[in-house]
Amino acid sequence: MPSPEPSSVLRSPKLWIGSGLIVAVVSILFALLYVGGNVNPKGNLRDLPIALVNSDRGADTNGKHLNLGDQVVSGIEKSAANNDSFAWQVVSREEADKRLGQGKVYGALVVPENFTATVAGLTSPKATEAKRPALTVLTNQSAGSIGSSMASQANQKAAHAASAQLGKDLLDRAAAQKAQLAPAAKLMLADPVNVEVADGHPLGTHSAMGLSAFYYALVLVVCGVLGANAISSQVDTALGYMHTDFGPFRQRMPVRHTSRVRTLAVGTVLMLGLSVVMGSLVELATVGILDMDASHLGLLWLYSVGTIAAVGVSALTLLAVFGTPGMLVSTIIFIAMAVPSSGATVPLEALPGFFRTLSEFEPLRQITGGMRSILYYDAQADAGLTRAWISMGIALVASVLFGFGVTRLYDRKGLHRIPRPGESADTAAAPAAV
């Protein structure tokens, strides 16, 4: 009986349904996760941290000590009482600089030391030349460009509102004193404060405007996932479980019957060893060739190698446990769910609740936090580096326990990938092409 035409497989409902389900899951998940996490950041914004600094020393006017900086701060806090989009943190200038330098606030609004004295000089008859008071808005791109932009807009809005209220008070005071003001003076008093914008934590020109940590972390995750797939395939080829095509040529090694545990062990050892190669090449390419701004190069190398190893071993575990579907599971966990919940582009405070929950354990958020600490915050432990190391350690240990535990269970139940000599095919598991 002649063999059916190869094209006849297109008439197989099983082929269409199976392939259709896979591509449908990928399409809907990536659409919902990628777009869903970023489609409405302002509408989802909750408690974006911003530092509020009052350095004003006050001044004596008309026999009374006045501190207009206190009024600015209390006015902002009062207006923020009914708005949970921003979390204003009243701190000293030193503490604000510290939090900016750890990525714990997205910006700051600073009232200078001479604020009250400068305002008083606007209406003082002894003043020969009026100098406008200033409020300084500090940005922080190292914490994320979108979050920094949101904080900057909120700070500028608050500063202009404070200026308008202060101008109203000054004009009322001048009217009560029946002072004769020139039109230009009235115009200046109506909006007396100059709002200045400055960088609160400057970055180098080769830092992708605060996104180099995210892109570097994403490269490490992709290297881990793709490396695991390549290593799994190479191990299966070397053991004879799979063939390899080189153009029109096919290579297949003799089958070496081995347990699933040993197969996973071989892949894990390869992953750990080749993580050194991949981590070194990533740093060489980004820092050595592309001249990315980076310090602590030794720590950066160790972190890169550790990240690729942790992600790669985790991906190998999923492949060993789930077989071919492990590829899809790895992609969903390490890419589809990880990128929108990383807080690297859109801040965590502007994500829907579902993604904020994901960010607590999704690897890319933790990896990016550690990378920011190394690249932007002088490798401070409490700027995200300690959390990243702990998270990677937990993930690595959990993956090893899960992977070897399940594969050992498969082996004990006789679920071999290819029947051993003398074993009937119906008692063995179907080959898992990974």
# chains A, B, ... in the order shown; residues from 1 in each chain; ligands from 1
>>> residues_around(residues="Phe115 (chain A)", least_positions_apart="2", cutoff="10 Å", atoms="only C-alpha atoms", output="VMD selection string")
chain A and resid 54 to 59 67 to 69 111 to 113 117 to 120 132 to 135 193
>>> closest_atom_pairs(of="region 47-111 of chain A", to="region 347-359 of chain A", cutoff="12 Å", atoms="only C-alpha atoms", output="Markdown table")
| residue | atom | partner | partner_atom | distance |
| --- | --- | --- | --- | --- |
| A:Asp47 | CA | A:Glu349 | CA | 6.2 |
| A:Leu48 | CA | A:Glu349 | CA | 5.6 |
| A:Pro49 | CA | A:Glu349 | CA | 8.6 |
| A:Ile50 | CA | A:Glu349 | CA | 11.8 |
| A:Asp84 | CA | A:Glu349 | CA | 10.7 |
| A:Ser85 | CA | A:Glu349 | CA | 8.4 |
| A:Phe86 | CA | A:Glu349 | CA | 9.0 |
| A:Ala87 | CA | A:Glu349 | CA | 10.1 |
| A:Gly103 | CA | A:Pro347 | CA | 11.3 |
| A:Lys104 | CA | A:Pro347 | CA | 11.4 |
| A:Val105 | CA | A:Pro347 | CA | 11.0 |
| A:Tyr106 | CA | A:Pro347 | CA | 9.3 |
>>> residues_around(residues="region 254-257 of chain A", least_positions_apart="4", cutoff="8 Å", atoms="only C-alpha atoms", output="PyMOL selection string")
chain A and resi 239-241+418+420
>>> write_last_selection(atoms="N, CA, C and O atoms", output="CSV table (one decimal), in the first residue's frame")
chain,number,residue,atom,x,y,z
A,239,LEU,N,23.1,12.4,23.2
A,239,LEU,CA,22.7,11.1,23.8
A,239,LEU,C,21.9,10.2,22.8
A,239,LEU,O,21.5,9.1,23.1
A,240,GLY,N,21.7,10.8,21.6
A,240,GLY,CA,21.0,10.0,20.5
A,240,GLY,C,19.5,10.1,20.6
A,240,GLY,O,18.8,9.4,19.9
A,241,TYR,N,19.0,11.0,21.4
A,241,TYR,CA,17.5,11.1,21.5
A,241,TYR,C,16.9,11.9,20.4
A,241,TYR,O,15.7,11.9,20.1
A,418,ILE,N,12.9,6.7,25.9
A,418,ILE,CA,13.0,5.7,24.9
A,418,ILE,C,13.0,4.3,25.6
A,418,ILE,O,13.8,4.2,26.5
A,420,ARG,N,14.0,0.9,27.0
A,420,ARG,CA,15.3,0.2,27.1
A,420,ARG,C,15.2,-1.1,26.4
A,420,ARG,O,14.1,-1.7,26.2
>>> residues_around(residues="Thr386 (chain A)", least_positions_apart="3", cutoff="12 Å", atoms="only C-alpha atoms", output="PyMOL selection string")
chain A and resi 303+366-367+369-374+379-383+389-393
>>> select_by_dssp(residues="region 176-326 of chain A", states="strand (DSSP E)", output="list in words")
Asn194, Val195, Glu196, Val197, Ala198, Asp199, His243, Thr244, Asp245, Phe246, Phe249, Arg250, Gln251 and Arg252 of chain A
>>> select_by_dssp(residues="region 130-162 of chain A", states="alpha helix (DSSP H)", output="ChimeraX atom specification")
/A:145-162
>>> write_last_selection(atoms="all heavy atoms", output="short mmCIF file (atom, residue, chain, number, x, y, z; two decimals), in the first residue's frame")
data_model
loop_
_atom_site.label_atom_id
_atom_site.label_comp_id
_atom_site.auth_asym_id
_atom_site.auth_seq_id
_atom_site.Cartn_x
_atom_site.Cartn_y
_atom_site.Cartn_z
N SER A 145 12.42 56.36 33.27
CA SER A 145 12.14 57.64 32.61
C SER A 145 10.67 58.03 32.69
O SER A 145 10.34 59.21 32.89
CB SER A 145 12.59 57.59 31.15
OG SER A 145 12.00 56.48 30.48
N ILE A 146 9.75 57.07 32.57
CA ILE A 146 8.33 57.40 32.63
C ILE A 146 7.95 57.83 34.05
O ILE A 146 7.25 58.81 34.25
CB ILE A 146 7.47 56.22 32.16
CG1 ILE A 146 7.68 55.98 30.67
CG2 ILE A 146 6.00 56.47 32.45
CD1 ILE A 146 6.86 54.83 30.10
N GLY A 147 8.41 57.09 35.04
CA GLY A 147 8.13 57.47 36.42
C GLY A 147 8.72 58.81 36.77
O GLY A 147 8.09 59.63 37.45
N SER A 148 9.93 59.08 36.30
CA SER A 148 10.56 60.37 36.55
C SER A 148 9.78 61.49 35.89
O SER A 148 9.62 62.57 36.45
CB SER A 148 12.00 60.35 36.02
OG SER A 148 12.62 61.61 36.17
N SER A 149 9.28 61.24 34.67
CA SER A 149 8.48 62.25 33.98
C SER A 149 7.18 62.52 34.72
O SER A 149 6.77 63.69 34.85
CB SER A 149 8.19 61.77 32.55
OG SER A 149 7.34 62.67 31.87
N MET A 150 6.52 61.48 35.22
CA MET A 150 5.29 61.66 35.99
C MET A 150 5.55 62.48 37.25
O MET A 150 4.78 63.38 37.60
CB MET A 150 4.70 60.30 36.36
CG MET A 150 4.09 59.53 35.21
SD MET A 150 3.45 57.92 35.77
CE MET A 150 2.50 57.42 34.33
N ALA A 151 6.64 62.15 37.94
CA ALA A 151 6.98 62.88 39.16
C ALA A 151 7.31 64.33 38.84
O ALA A 151 6.92 65.24 39.59
CB ALA A 151 8.15 62.21 39.85
N SER A 152 8.02 64.57 37.75
CA SER A 152 8.38 65.93 37.36
C SER A 152 7.14 66.76 37.05
O SER A 152 7.02 67.92 37.47
CB SER A 152 9.31 65.89 36.15
OG SER A 152 9.63 67.20 35.72
N GLN A 153 6.19 66.17 36.34
CA GLN A 153 4.95 66.88 36.03
C GLN A 153 4.18 67.21 37.30
O GLN A 153 3.65 68.32 37.46
CB GLN A 153 4.09 66.05 35.09
CG GLN A 153 4.67 65.86 33.69
CD GLN A 153 3.84 64.92 32.84
OE1 GLN A 153 2.70 64.61 33.15
NE2 GLN A 153 4.43 64.44 31.76
N ALA A 154 4.12 66.24 38.24
CA ALA A 154 3.41 66.49 39.50
C ALA A 154 4.11 67.58 40.31
O ALA A 154 3.46 68.44 40.91
CB ALA A 154 3.33 65.20 40.31
N ASN A 155 5.43 67.55 40.33
CA ASN A 155 6.19 68.55 41.08
C ASN A 155 6.01 69.95 40.49
O ASN A 155 5.83 70.92 41.23
CB ASN A 155 7.68 68.18 41.08
CG ASN A 155 8.02 67.15 42.12
OD1 ASN A 155 7.39 67.09 43.17
ND2 ASN A 155 9.03 66.34 41.86
N GLN A 156 6.06 70.03 39.18
CA GLN A 156 5.91 71.34 38.54
C GLN A 156 4.49 71.89 38.75
O GLN A 156 4.30 73.08 38.99
CB GLN A 156 6.23 71.24 37.05
CG GLN A 156 7.70 70.95 36.78
CD GLN A 156 8.02 70.95 35.30
OE1 GLN A 156 7.78 71.93 34.60
NE2 GLN A 156 8.57 69.84 34.80
N LYS A 157 3.51 71.00 38.67
CA LYS A 157 2.13 71.42 38.91
C LYS A 157 1.97 71.93 40.34
O LYS A 157 1.34 72.98 40.58
CB LYS A 157 1.17 70.27 38.65
CG LYS A 157 -0.30 70.62 38.82
CD LYS A 157 -1.20 69.43 38.51
CE LYS A 157 -2.67 69.78 38.72
NZ LYS A 157 -3.54 68.61 38.42
N ALA A 158 2.55 71.21 41.31
CA ALA A 158 2.46 71.63 42.71
C ALA A 158 3.20 72.93 42.93
O ALA A 158 2.74 73.81 43.68
CB ALA A 158 3.03 70.53 43.61
N ALA A 159 4.35 73.10 42.29
CA ALA A 159 5.13 74.33 42.45
C ALA A 159 4.40 75.53 41.87
O ALA A 159 4.37 76.61 42.49
CB ALA A 159 6.50 74.17 41.78
N HIS A 160 3.78 75.37 40.72
CA HIS A 160 3.04 76.49 40.11
C HIS A 160 1.78 76.82 40.93
O HIS A 160 1.41 78.00 41.06
CB HIS A 160 2.66 76.15 38.67
CG HIS A 160 3.81 76.21 37.72
ND1 HIS A 160 4.53 77.37 37.48
CD2 HIS A 160 4.40 75.25 36.96
CE1 HIS A 160 5.49 77.14 36.61
NE2 HIS A 160 5.43 75.84 36.27
N ALA A 161 1.15 75.79 41.50
CA ALA A 161 0.00 76.04 42.36
C ALA A 161 0.42 76.81 43.61
O ALA A 161 -0.27 77.74 44.06
CB ALA A 161 -0.67 74.73 42.75
N ALA A 162 1.56 76.43 44.18
CA ALA A 162 2.08 77.14 45.34
C ALA A 162 2.43 78.58 44.99
O ALA A 162 2.20 79.51 45.79
CB ALA A 162 3.31 76.42 45.89
#
>>> residues_around(residues="Thr136 (chain A)", least_positions_apart="3", cutoff="8 Å", atoms="only C-alpha atoms", output="number ranges by chain")
A: 109-112, 195-198
>>> write_last_selection(atoms="C-alpha atoms", output="compact mmCIF listing (two decimals), in the first residue's frame")
# COMPACT_ATOMS: atom_id res chain seq x y z
CA LEU A 109 10.53 69.19 45.08
CA VAL A 110 12.94 71.40 47.05
CA VAL A 111 12.19 74.67 48.85
CA PRO A 112 15.54 76.51 49.22
CA VAL A 195 10.27 76.82 38.92
CA GLU A 196 13.63 75.31 38.07
CA VAL A 197 14.12 71.73 36.84
CA ALA A 198 17.37 69.88 37.51
>>> atom_distance(atom1="CA of Asn38 (chain A)", atom2="CA of Val346 (chain A)")
6.7 Å
>>> residues_around(residues="His206 (chain A)", least_positions_apart="2", cutoff="9 Å", atoms="only C-alpha atoms", output="PyMOL selection string")
chain A and resi 203-204+208-209+212+290-294
>>> write_last_selection(atoms="N, CA and C atoms", output="PDB file, in the first residue's frame")
ATOM      1  N   LEU A 203      23.055  60.737  35.273  1.00  0.00           N
ATOM      2  CA  LEU A 203      23.597  59.514  34.688  1.00  0.00           C
ATOM      3  C   LEU A 203      24.517  59.872  33.537  1.00  0.00           C
ATOM      4  N   GLY A 204      25.340  58.903  33.132  1.00  0.00           N
ATOM      5  CA  GLY A 204      26.217  59.124  31.995  1.00  0.00           C
ATOM      6  C   GLY A 204      25.449  59.144  30.689  1.00  0.00           C
ATOM      7  N   ALA A 208      21.436  54.924  28.212  1.00  0.00           N
ATOM      8  CA  ALA A 208      20.116  54.763  27.590  1.00  0.00           C
ATOM      9  C   ALA A 208      19.038  55.528  28.365  1.00  0.00           C
ATOM     10  N   MET A 209      19.409  56.699  28.895  1.00  0.00           N
ATOM     11  CA  MET A 209      18.470  57.549  29.642  1.00  0.00           C
ATOM     12  C   MET A 209      17.797  56.768  30.782  1.00  0.00           C
ATOM     13  N   SER A 212      19.435  51.426  30.456  1.00  0.00           N
ATOM     14  CA  SER A 212      20.481  50.445  30.162  1.00  0.00           C
ATOM     15  C   SER A 212      20.415  49.261  31.121  1.00  0.00           C
ATOM     16  N   LEU A 290      30.382  48.571  23.025  1.00  0.00           N
ATOM     17  CA  LEU A 290      29.386  49.647  22.930  1.00  0.00           C
ATOM     18  C   LEU A 290      29.643  50.784  23.905  1.00  0.00           C
ATOM     19  N   ASP A 291      30.605  50.624  24.802  1.00  0.00           N
ATOM     20  CA  ASP A 291      30.990  51.676  25.747  1.00  0.00           C
ATOM     21  C   ASP A 291      29.829  52.093  26.665  1.00  0.00           C
ATOM     22  N   MET A 292      29.033  51.123  27.082  1.00  0.00           N
ATOM     23  CA  MET A 292      27.963  51.414  28.035  1.00  0.00           C
ATOM     24  C   MET A 292      28.558  51.888  29.358  1.00  0.00           C
ATOM     25  N   ASP A 293      27.929  52.889  29.962  1.00  0.00           N
ATOM     26  CA  ASP A 293      28.400  53.391  31.253  1.00  0.00           C
ATOM     27  C   ASP A 293      28.249  52.304  32.302  1.00  0.00           C
ATOM     28  N   ALA A 294      29.352  51.935  32.937  1.00  0.00           N
ATOM     29  CA  ALA A 294      29.309  50.885  33.951  1.00  0.00           C
ATOM     30  C   ALA A 294      30.525  51.008  34.849  1.00  0.00           C
TER      31      ALA A 294
END
>>> residues_around(residues="region 305-319 of chain A", least_positions_apart="5", cutoff="8 Å", atoms="only C-alpha atoms", output="ChimeraX atom specification")
/A:220-221,223-225,227-229,232,264,267-268,271-272,275-276,278-280,324-327,329-330,367,392-393,395-396,399-400,402-404,434
>>> atom_distance(atom1="CA of Val235 (chain A)", atom2="CA of Leu21 (chain A)")
28.6 Å
>>> atom_distance(atom1="CA of Thr368 (chain A)", atom2="CA of Val91 (chain A)")
26.7 Å
>>> decode(residues="region 92-112 of chain A", atoms="N, CA and C atoms", output="PDB file, in the first residue's frame")
ATOM      1  N   SER A  92      14.432  65.533  54.778  1.00  0.00           N
ATOM      2  CA  SER A  92      15.501  66.524  54.673  1.00  0.00           C
ATOM      3  C   SER A  92      16.162  66.430  53.302  1.00  0.00           C
ATOM      4  N   ARG A  93      16.978  67.441  52.972  1.00  0.00           N
ATOM      5  CA  ARG A  93      17.664  67.418  51.677  1.00  0.00           C
ATOM      6  C   ARG A  93      18.632  66.242  51.600  1.00  0.00           C
ATOM      7  N   GLU A  94      19.303  65.952  52.695  1.00  0.00           N
ATOM      8  CA  GLU A  94      20.241  64.825  52.706  1.00  0.00           C
ATOM      9  C   GLU A  94      19.509  63.504  52.467  1.00  0.00           C
ATOM     10  N   GLU A  95      18.371  63.336  53.119  1.00  0.00           N
ATOM     11  CA  GLU A  95      17.606  62.106  52.939  1.00  0.00           C
ATOM     12  C   GLU A  95      17.042  62.014  51.524  1.00  0.00           C
ATOM     13  N   ALA A  96      16.627  63.144  50.974  1.00  0.00           N
ATOM     14  CA  ALA A  96      16.112  63.150  49.602  1.00  0.00           C
ATOM     15  C   ALA A  96      17.197  62.721  48.619  1.00  0.00           C
ATOM     16  N   ASP A  97      18.411  63.259  48.800  1.00  0.00           N
ATOM     17  CA  ASP A  97      19.513  62.866  47.920  1.00  0.00           C
ATOM     18  C   ASP A  97      19.815  61.377  48.056  1.00  0.00           C
ATOM     19  N   LYS A  98      19.718  60.857  49.280  1.00  0.00           N
ATOM     20  CA  LYS A  98      19.963  59.439  49.506  1.00  0.00           C
ATOM     21  C   LYS A  98      18.924  58.591  48.779  1.00  0.00           C
ATOM     22  N   ARG A  99      17.659  58.969  48.898  1.00  0.00           N
ATOM     23  CA  ARG A  99      16.599  58.190  48.254  1.00  0.00           C
ATOM     24  C   ARG A  99      16.652  58.310  46.739  1.00  0.00           C
ATOM     25  N   LEU A 100      17.035  59.479  46.233  1.00  0.00           N
ATOM     26  CA  LEU A 100      17.235  59.623  44.790  1.00  0.00           C
ATOM     27  C   LEU A 100      18.372  58.720  44.330  1.00  0.00           C
ATOM     28  N   GLY A 101      19.421  58.612  45.152  1.00  0.00           N
ATOM     29  CA  GLY A 101      20.584  57.805  44.822  1.00  0.00           C
ATOM     30  C   GLY A 101      20.399  56.324  45.057  1.00  0.00           C
ATOM     31  N   GLN A 102      19.212  55.923  45.503  1.00  0.00           N
ATOM     32  CA  GLN A 102      18.884  54.508  45.649  1.00  0.00           C
ATOM     33  C   GLN A 102      17.679  54.116  44.800  1.00  0.00           C
ATOM     34  N   GLY A 103      17.142  55.073  44.053  1.00  0.00           N
ATOM     35  CA  GLY A 103      15.984  54.790  43.208  1.00  0.00           C
ATOM     36  C   GLY A 103      14.704  54.591  43.986  1.00  0.00           C
ATOM     37  N   LYS A 104      14.639  55.096  45.215  1.00  0.00           N
ATOM     38  CA  LYS A 104      13.456  54.898  46.045  1.00  0.00           C
ATOM     39  C   LYS A 104      12.425  56.004  45.873  1.00  0.00           C
ATOM     40  N   VAL A 105      12.789  57.093  45.218  1.00  0.00           N
ATOM     41  CA  VAL A 105      11.837  58.138  44.842  1.00  0.00           C
ATOM     42  C   VAL A 105      12.101  58.501  43.388  1.00  0.00           C
ATOM     43  N   TYR A 106      11.039  58.939  42.711  1.00  0.00           N
ATOM     44  CA  TYR A 106      11.147  59.260  41.288  1.00  0.00           C
ATOM     45  C   TYR A 106      11.461  60.729  41.038  1.00  0.00           C
ATOM     46  N   GLY A 107      11.517  61.507  42.087  1.00  0.00           N
ATOM     47  CA  GLY A 107      11.826  62.920  41.944  1.00  0.00           C
ATOM     48  C   GLY A 107      11.689  63.615  43.282  1.00  0.00           C
ATOM     49  N   ALA A 108      11.938  64.924  43.285  1.00  0.00           N
ATOM     50  CA  ALA A 108      11.853  65.695  44.530  1.00  0.00           C
ATOM     51  C   ALA A 108      11.507  67.139  44.210  1.00  0.00           C
ATOM     52  N   LEU A 109      10.821  67.765  45.156  1.00  0.00           N
ATOM     53  CA  LEU A 109      10.530  69.194  45.082  1.00  0.00           C
ATOM     54  C   LEU A 109      11.215  69.841  46.279  1.00  0.00           C
ATOM     55  N   VAL A 110      12.096  70.826  46.013  1.00  0.00           N
ATOM     56  CA  VAL A 110      12.945  71.401  47.046  1.00  0.00           C
ATOM     57  C   VAL A 110      12.629  72.886  47.228  1.00  0.00           C
ATOM     58  N   VAL A 111      12.337  73.266  48.474  1.00  0.00           N
ATOM     59  CA  VAL A 111      12.191  74.669  48.853  1.00  0.00           C
ATOM     60  C   VAL A 111      13.541  75.122  49.393  1.00  0.00           C
ATOM     61  N   PRO A 112      14.180  76.139  48.801  1.00  0.00           N
ATOM     62  CA  PRO A 112      15.541  76.513  49.219  1.00  0.00           C
ATOM     63  C   PRO A 112      15.571  77.237  50.563  1.00  0.00           C
TER      64      PRO A 112
END
